[in-house]
>>> print(open('structure.cif').read())   # mmCIF, C-alpha atoms
data_start
loop_
_atom_site.label_atom_id
_atom_site.label_comp_id
_atom_site.auth_asym_id
_atom_site.auth_seq_id
_atom_site.Cartn_x
_atom_site.Cartn_y
_atom_site.Cartn_z
CA MET A 117 -9.59 19.80 22.78
CA GLU A 118 -6.36 20.08 24.74
CA LYS A 119 -6.60 16.38 25.44
CA LEU A 120 -6.77 15.71 21.70
CA ASP A 121 -3.81 18.03 21.00
CA ASN A 122 -1.76 16.16 23.58
CA PHE A 123 -2.77 12.88 22.02
CA GLU A 124 -1.72 14.19 18.60
CA THR A 125 1.73 14.99 20.02
CA TYR A 126 1.87 11.54 21.60
CA LEU A 127 1.11 9.91 18.23
CA GLY A 128 3.68 12.12 16.51
CA ASN A 129 6.34 10.94 18.95
CA ARG A 130 5.44 7.26 18.58
CA LEU A 131 4.76 6.80 14.88
CA LYS A 132 8.09 7.37 13.16
CA PRO A 133 9.35 6.07 9.82
CA ILE A 134 11.48 2.95 10.03
CA GLN A 135 14.33 1.81 7.80
CA PRO A 136 13.72 -1.27 5.66
CA ASP A 137 16.47 -3.87 5.42
CA LEU A 138 19.00 -2.51 2.92
CA GLY A 139 19.63 -5.99 1.53
CA PHE A 140 15.96 -6.23 0.61
CA VAL A 141 15.92 -2.73 -0.93
CA ASN A 142 18.98 -3.45 -3.07
CA ARG A 143 17.81 -6.92 -4.14
CA LEU A 144 14.45 -5.58 -5.25
CA GLN A 145 16.07 -2.74 -7.15
CA THR A 146 18.38 -5.13 -8.97
CA ASN A 147 15.46 -7.39 -9.73
CA LEU A 148 13.43 -4.50 -11.18
CA THR A 149 16.12 -2.70 -13.12
CA GLN A 150 17.52 -5.86 -14.69
CA LYS A 151 14.10 -6.97 -15.79
CA LYS A 152 13.63 -7.34 -19.50
CA HIS A 153 10.67 -5.57 -21.05
CA ILE A 154 8.55 -8.38 -22.42
CA GLN A 155 6.05 -7.25 -25.00
CA ILE A 156 3.18 -9.68 -25.05
CA GLU A 157 1.74 -9.81 -28.51
CA ASN A 158 -1.83 -8.62 -28.54
CA ASN A 159 -3.58 -11.31 -30.60
CA GLN A 160 -7.08 -10.85 -29.17
CA PHE A 161 -8.36 -9.52 -32.51
CA GLU A 162 -7.17 -12.62 -34.35
CA ILE A 163 -8.75 -14.89 -31.71
CA ALA A 164 -12.08 -13.03 -32.02
CA LEU A 165 -11.95 -13.34 -35.83
CA ILE A 166 -11.21 -17.07 -35.74
CA THR A 167 -13.99 -17.66 -33.16
CA THR A 168 -16.54 -15.75 -35.27
CA PHE A 169 -15.51 -17.55 -38.46
CA THR A 170 -15.66 -20.96 -36.77
CA GLY A 171 -19.10 -20.12 -35.35
CA LEU A 172 -20.43 -19.06 -38.74
CA LEU A 173 -19.03 -22.18 -40.38
CA PHE A 174 -20.56 -24.39 -37.69
CA GLY A 175 -23.92 -22.59 -38.05
CA ALA A 176 -23.88 -23.05 -41.80
CA PHE A 177 -23.07 -26.74 -41.34
CA VAL A 178 -25.98 -27.20 -38.89
CA ILE A 179 -28.40 -25.48 -41.30
CA TRP A 180 -27.15 -27.62 -44.20
CA LEU A 181 -27.50 -30.75 -42.04
CA LEU A 182 -31.07 -29.86 -40.97
CA ARG A 183 -32.09 -29.27 -44.59
CA ARG A 184 -30.62 -32.60 -45.61
CA ILE A 185 -32.53 -34.40 -42.82
CA SER A 186 -35.83 -32.74 -43.62
CA MET B 286 5.43 15.06 -3.69
CA SER B 287 7.77 17.93 -4.56
CA ASN B 288 9.59 15.95 -7.24
CA ILE B 289 6.67 16.02 -9.65
CA ILE B 290 8.52 17.65 -12.59
CA GLU B 291 11.44 15.28 -12.35
CA ASP B 292 9.05 12.39 -11.84
CA GLU B 293 7.30 13.22 -15.10
CA GLU B 294 10.54 12.91 -17.04
CA LEU B 295 11.49 9.68 -15.30
CA ILE B 296 8.03 8.20 -15.88
CA LYS B 297 8.22 9.09 -19.57
CA ASP B 298 11.61 7.40 -19.85
CA ALA B 299 10.54 4.41 -17.75
CA SER B 300 7.43 3.97 -19.94
CA GLY B 301 9.75 3.77 -22.93
CA GLY B 302 11.65 0.89 -21.33
CA ASP B 303 14.39 2.80 -19.53
CA ASN B 304 15.03 0.64 -16.47
CA ASP B 305 17.45 3.13 -14.94
CA ALA B 306 14.71 5.76 -14.91
CA PHE B 307 12.42 3.32 -13.12
CA GLY B 308 15.28 2.57 -10.72
CA LEU B 309 15.45 6.25 -9.78
CA LEU B 310 11.71 6.37 -9.17
CA TYR B 311 12.06 3.25 -7.05
CA GLU B 312 14.85 4.81 -4.95
CA ARG B 313 12.70 7.87 -4.43
CA TYR B 314 9.64 6.04 -3.12
CA VAL B 315 10.61 2.61 -1.80
CA HIS B 316 11.06 3.76 1.81
CA LYS B 317 7.71 5.53 1.89
CA ILE B 318 5.82 2.59 0.42
CA TYR B 319 7.61 0.14 2.70
CA ASN B 320 6.74 2.21 5.77
CA TYR B 321 3.13 2.53 4.75
CA ILE B 322 2.80 -1.23 4.27
CA TYR B 323 4.80 -2.07 7.38
CA TYR B 324 2.54 0.01 9.61
CA ARG B 325 -0.56 -1.42 7.95
CA THR B 326 0.49 -5.06 8.27
CA GLY B 327 2.82 -4.94 11.28
CA ASN B 328 5.01 -7.62 9.79
CA VAL B 329 8.44 -7.26 8.17
CA ASN B 330 8.06 -10.24 5.83
CA GLU B 331 4.65 -9.11 4.59
CA ALA B 332 5.93 -5.55 4.22
CA GLU B 333 8.78 -6.76 2.02
CA ASP B 334 6.55 -9.05 -0.02
CA LEU B 335 3.86 -6.41 -0.59
CA THR B 336 6.39 -3.63 -1.29
CA SER B 337 7.92 -5.89 -3.89
CA ARG B 338 4.49 -6.47 -5.45
CA VAL B 339 3.72 -2.74 -5.51
CA PHE B 340 6.87 -1.99 -7.49
CA HIS B 341 6.50 -4.95 -9.84
CA ARG B 342 2.93 -3.90 -10.55
CA SER B 343 3.91 -0.27 -11.11
CA TYR B 344 6.75 -1.42 -13.38
CA ASN B 345 4.39 -3.54 -15.46
CA HIS B 346 1.69 -0.87 -15.69
CA ILE B 347 3.67 2.35 -15.83
CA GLN B 348 2.36 2.96 -19.35
CA ASN B 349 -1.15 3.15 -17.86
CA TYR B 350 -0.20 5.78 -15.29
CA ASP B 351 -2.04 9.01 -16.02
CA GLN B 352 -0.20 12.03 -14.64
CA ARG B 353 -3.13 14.46 -14.75
CA GLY B 354 -3.58 15.68 -11.19
CA VAL B 355 -2.27 12.57 -9.49
CA PRO B 356 1.39 12.49 -8.43
CA PHE B 357 3.30 9.27 -8.98
CA SER B 358 3.59 8.75 -5.21
CA ALA B 359 -0.21 8.91 -4.87
CA TRP B 360 -0.52 6.26 -7.60
CA LEU B 361 1.92 4.03 -5.70
CA TYR B 362 0.09 4.56 -2.40
CA ARG B 363 -3.18 3.58 -4.09
CA ILE B 364 -1.61 0.38 -5.40
CA ALA B 365 -0.19 -0.31 -1.93
CA HIS B 366 -3.57 0.38 -0.30
CA ASN B 367 -5.33 -2.06 -2.65
CA LEU B 368 -2.74 -4.77 -2.10
CA VAL B 369 -2.95 -4.34 1.69
CA ALA B 370 -6.76 -4.54 1.47
CA ASN B 371 -6.47 -7.81 -0.50
CA TRP B 372 -3.94 -9.08 2.03
CA TYR B 373 -6.32 -8.37 4.91
CA ARG B 374 -9.18 -10.05 3.05
CA ASP B 375 -7.13 -13.19 2.39
CA ARG B 376 -5.79 -13.14 5.94
CA SER B 377 -9.21 -12.81 7.54
CA ARG B 378 -10.18 -16.02 5.76
CA LYS B 379 -7.23 -17.76 7.36
CA LYS B 380 -6.50 -16.33 10.82
CA GLU B 381 -6.13 -13.20 12.94
CA VAL B 382 -3.12 -10.89 12.56
CA VAL B 383 -0.43 -11.96 15.00
CA LEU B 384 1.01 -9.02 16.93
CA GLU B 385 4.46 -10.38 17.56
CA ASP B 386 6.99 -8.62 15.39
CA HIS B 387 5.18 -5.31 15.27
CA ILE B 388 7.63 -3.18 17.14
CA PRO B 389 10.14 -1.41 14.92
CA SER B 390 13.75 -1.99 16.01
CA LYS B 391 14.21 1.77 16.46
CA PHE B 392 11.89 1.57 19.43
CA HIS B 393 14.28 -0.71 21.30
CA PHE B 394 16.35 1.08 23.90
CA ASP B 395 19.49 0.18 25.82
CA PHE B 396 17.76 -0.13 29.18
CA PRO B 397 15.68 -3.33 29.37
CA GLU B 398 13.02 -1.92 31.69
CA ASN B 399 12.52 1.10 29.39
CA ALA B 400 12.51 -1.09 26.31
CA LEU B 401 9.80 -3.32 27.74
CA GLU B 402 7.65 -0.39 28.76
CA THR B 403 8.11 1.40 25.43
CA ASN B 404 7.37 -1.73 23.42
CA GLN B 405 4.21 -2.41 25.40
CA GLU B 406 3.17 1.19 24.86
CA ASN B 407 3.78 0.96 21.11
CA GLU B 408 2.08 -2.40 20.85
CA LYS B 409 -0.97 -0.97 22.57
CA LEU B 410 -1.01 1.99 20.19
CA LEU B 411 -0.63 -0.17 17.08
CA THR B 412 -3.34 -2.51 18.33
CA ALA B 413 -5.65 0.48 18.76
CA ILE B 414 -4.85 1.78 15.27
CA ARG B 415 -5.44 -1.62 13.65
CA LYS B 416 -8.89 -1.76 15.17
CA LEU B 417 -9.89 1.21 13.01
CA PRO B 418 -11.52 0.88 9.60
CA SER B 419 -9.01 0.59 6.76
CA GLU B 420 -9.31 4.18 5.51
CA ARG B 421 -8.73 5.60 9.00
CA GLN B 422 -5.61 3.48 9.44
CA GLN B 423 -4.46 4.79 6.07
CA LEU B 424 -5.06 8.37 7.18
CA ILE B 425 -3.15 8.00 10.47
CA ILE B 426 -0.14 6.39 8.76
CA LEU B 427 -0.01 8.92 5.93
CA LYS B 428 -0.28 11.75 8.43
CA PHE B 429 2.21 10.64 11.09
CA VAL B 430 4.58 8.15 9.50
CA GLU B 431 4.73 9.73 6.04
CA GLY B 432 4.24 13.29 7.27
CA LEU B 433 1.83 14.27 4.49
CA SER B 434 -0.49 17.27 4.55
CA ASN B 435 -4.27 16.98 4.45
CA ALA B 436 -4.24 18.12 0.81
CA GLU B 437 -1.72 15.44 -0.18
CA ILE B 438 -3.66 12.77 1.71
CA GLY B 439 -6.82 13.98 -0.03
CA VAL B 440 -5.26 13.29 -3.45
CA ILE B 441 -4.30 9.76 -2.42
CA MET B 442 -7.65 8.98 -0.80
CA ARG B 443 -9.70 10.78 -3.51
CA ARG B 444 -11.29 13.19 -1.00
CA SER B 445 -11.30 16.93 -0.48
CA GLU B 446 -8.91 18.57 1.98
CA GLY B 447 -11.89 19.52 4.17
CA ALA B 448 -13.18 15.96 4.22
CA ILE B 449 -9.73 14.71 5.29
CA LYS B 450 -9.54 17.31 8.06
CA SER B 451 -12.89 16.24 9.40
CA LEU B 452 -12.07 12.52 9.13
CA TYR B 453 -8.73 13.16 10.82
CA HIS B 454 -10.34 14.64 13.94
CA ARG B 455 -12.85 11.81 14.17
CA THR B 456 -10.01 9.31 13.73
CA LEU B 457 -7.86 10.89 16.43
CA GLU B 458 -10.78 10.70 18.81
CA SER B 459 -11.39 7.04 17.93
CA VAL B 460 -7.74 6.07 18.48
CA ARG B 461 -7.64 7.93 21.80
CA LYS B 462 -10.77 6.17 23.03
CA GLU B 463 -9.45 2.82 21.85
CA VAL B 464 -6.14 3.36 23.69
CA GLU B 465 -8.03 4.31 26.86
CA LYS B 466 -10.16 1.19 26.53
CA LEU B 467 -7.05 -0.99 26.16
CA GLU B 468 -5.46 0.70 29.20
CA ALA B 469 -8.61 0.11 31.24
CA ASN B 470 -8.60 -3.57 30.20
CA GLN B 471 -4.94 -3.90 31.20
CA GLU B 472 -5.62 -2.36 34.62
CA SER B 473 -8.58 -4.65 35.29
CA GLU B 474 -6.54 -7.78 34.45
#
>>> encode(input="structure.cif", output="structure tokens")
Amino acid sequence: MEKLDNFETYLGNRLKPIQPDLGFVNRLQTNLTQKKHIQIENNQFEIALITTFTGLLFGAFVIWLLRRIS
Amino acid sequence: MSNIIEDEELIKDASGGDNDAFGLLYERYVHKIYNYIYYRTGNVNEAEDLTSRVFHRSYNHIQNYDQRGVPFSAWLYRIAHNLVANWYRDRSRKKEVVLEDHIPSKFHFDFPENALETNQENEKLLTAIRKLPSERQQLIILKFVEGLSNAEIGVIMRRSEGAIKSLYHRTLESVRKEVEKLEANQESE
């Protein structure tokens, strides 16, 4: 147990926080804080509606075509 | 994690598009996230790239952040952990991690013989830590580099304080054995 306590102290002495490059920190901050909020229009509902309508129309056409053939 | 009340206000403002509020959150946590990623990857360039991704992702998804029970820092650490895991996965497909620029500059000393010895010692330790499973590496870094308590680590890793305590002791033992193994290998060479 003492061995493990000593090892814990050893790790505590070795693993210390380091300082990132200040140029990087400042560049990233500028990049983030000057970013424009882009609101992407949520048009998934419209896409789903158009897909369903197109499918129904195509189905109706196929049925009409089959009736005409037979 | 003591800034939780102030964080809440900043998050609310940042969610509403206030970039200055997000800037303050960034200032508060960038060093911690950078350190976490640096110790996980051992590479300055990757640490900068992944830190940048963590903050861009948090910026883009801050509206989705749910404050109930999870501090903002824990949310950031989780993002960082996931990105590091993806990085390791991609990297393992390509090649092994190169241990060349692992030693933080603060470990360099004025006396060359001391510097060499200290760097070899640190390299050995970091090699031993990186041989651990991902969650154990995470635990060691959060504990020693970030100085977090078991309870705080538990929130980040979604485990109870008791589970963290138990995992911590097993992890310490694993690192110690790994270091001894590396020392034995060095002596036999």
>>> interface_residues(input="structure.cif", of="chain B", to="chain A", cutoff="8 Å", atoms="all atoms listed in the file", output="count of residues only")
26
>>> atom_distance(input="structure.cif", atom1="CA of Arg376 (chain B)", atom2="CA of Ile318 (chain B)")
20.3 Å
>>> closest_residue(input="structure.cif", among="B:Ile347, B:Ile438, B:Leu467, B:Leu410", to="Ala306 (chain B)", atoms="only C-alpha atoms")
B:Ile347
>>> atom_distance(input="structure.cif", atom1="CA of Lys462 (chain B)", atom2="CA of Gln405 (chain B)")
17.4 Å
>>> atom_distance(input="structure.cif", atom1="CA of Glu291 (chain B)", atom2="CA of Ile364 (chain B)")
21.0 Å
>>> closest_residue(input="structure.cif", among="B:Asn330, B:Asn349, B:Asn404, B:Gln423", to="Ala365 (chain B)", atoms="only C-alpha atoms")
B:Gln423
>>> resolve_selection(input="structure.cif", expression="the PyMOL selection byres ((chain B and resi 335) around 8)", output="JSON, numbers by chain")
{"B": [322, 331, 332, 333, 334, 336, 337, 338, 339, 365, 368, 369]}
>>> decode(input="structure.cif", residues="region 122-183 of chain A", atoms="C-alpha atoms", output="mmCIF file, in the first residue's frame")
data_model
loop_
_atom_site.group_PDB
_atom_site.id
_atom_site.type_symbol
_atom_site.label_atom_id
_atom_site.label_comp_id
_atom_site.auth_asym_id
_atom_site.auth_seq_id
_atom_site.Cartn_x
_atom_site.Cartn_y
_atom_site.Cartn_z
ATOM 1 C CA ASN A 122 4.637 6.601 -3.194
ATOM 2 C CA PHE A 123 3.724 5.918 -6.790
ATOM 3 C CA GLU A 124 0.742 8.273 -6.472
ATOM 4 C CA THR A 125 3.106 11.022 -5.274
ATOM 5 C CA TYR A 126 5.458 10.232 -8.148
ATOM 6 C CA LEU A 127 2.602 10.612 -10.656
ATOM 7 C CA GLY A 128 1.476 13.838 -8.987
ATOM 8 C CA ASN A 129 4.965 15.289 -9.418
ATOM 9 C CA ARG A 130 5.251 14.236 -13.058
ATOM 10 C CA LEU A 131 1.832 14.925 -14.538
ATOM 11 C CA LYS A 132 1.417 18.691 -14.426
ATOM 12 C CA PRO A 133 -0.728 20.960 -16.590
ATOM 13 C CA ILE A 134 1.081 22.553 -19.514
ATOM 14 C CA GLN A 135 0.477 25.901 -21.197
ATOM 15 C CA PRO A 136 -0.854 25.821 -24.752
ATOM 16 C CA ASP A 137 0.656 28.206 -27.291
ATOM 17 C CA LEU A 138 -0.955 31.598 -26.652
ATOM 18 C CA GLY A 139 -1.044 32.352 -30.372
ATOM 19 C CA PHE A 140 -3.193 29.269 -30.895
ATOM 20 C CA VAL A 141 -5.488 30.137 -27.963
ATOM 21 C CA ASN A 142 -6.036 33.691 -29.222
ATOM 22 C CA ARG A 143 -6.524 32.664 -32.860
ATOM 23 C CA LEU A 144 -9.138 30.094 -31.915
ATOM 24 C CA GLN A 145 -10.948 32.563 -29.690
ATOM 25 C CA THR A 146 -11.064 35.146 -32.477
ATOM 26 C CA ASN A 147 -12.259 32.499 -34.882
ATOM 27 C CA LEU A 148 -15.064 31.435 -32.532
ATOM 28 C CA THR A 149 -16.232 34.813 -31.314
ATOM 29 C CA GLN A 150 -16.280 36.384 -34.765
ATOM 30 C CA LYS A 151 -18.263 33.510 -36.170
ATOM 31 C CA LYS A 152 -21.638 34.409 -37.563
ATOM 32 C CA HIS A 153 -24.601 32.414 -36.323
ATOM 33 C CA ILE A 154 -25.887 30.689 -39.422
ATOM 34 C CA GLN A 155 -29.425 29.436 -39.077
ATOM 35 C CA ILE A 156 -29.930 26.565 -41.449
ATOM 36 C CA GLU A 157 -33.519 26.487 -42.548
ATOM 37 C CA ASN A 158 -35.209 23.318 -41.454
ATOM 38 C CA ASN A 159 -36.999 22.195 -44.624
ATOM 39 C CA GLN A 160 -37.183 18.478 -43.818
ATOM 40 C CA PHE A 161 -40.982 18.653 -43.479
ATOM 41 C CA GLU A 162 -41.358 20.124 -46.960
ATOM 42 C CA ILE A 163 -39.024 17.476 -48.422
ATOM 43 C CA ALA A 164 -41.047 14.690 -46.755
ATOM 44 C CA LEU A 165 -44.303 16.187 -48.107
ATOM 45 C CA ILE A 166 -42.969 16.468 -51.657
ATOM 46 C CA THR A 167 -41.583 12.896 -51.540
ATOM 47 C CA THR A 168 -44.922 11.495 -50.314
ATOM 48 C CA PHE A 169 -46.901 13.449 -52.912
ATOM 49 C CA THR A 170 -44.564 12.356 -55.720
ATOM 50 C CA GLY A 171 -44.831 8.733 -54.553
ATOM 51 C CA LEU A 172 -48.623 8.855 -54.495
ATOM 52 C CA LEU A 173 -48.733 10.454 -57.931
ATOM 53 C CA PHE A 174 -46.356 7.837 -59.327
ATOM 54 C CA GLY A 175 -48.416 5.037 -57.731
ATOM 55 C CA ALA A 176 -51.615 6.413 -59.208
ATOM 56 C CA PHE A 177 -49.941 6.630 -62.620
ATOM 57 C CA VAL A 178 -48.748 2.997 -62.412
ATOM 58 C CA ILE A 179 -52.255 1.813 -61.449
ATOM 59 C CA TRP A 180 -53.802 3.830 -64.299
ATOM 60 C CA LEU A 181 -51.198 2.404 -66.704
ATOM 61 C CA LEU A 182 -51.844 -1.201 -65.591
ATOM 62 C CA ARG A 183 -55.591 -0.758 -66.038
#
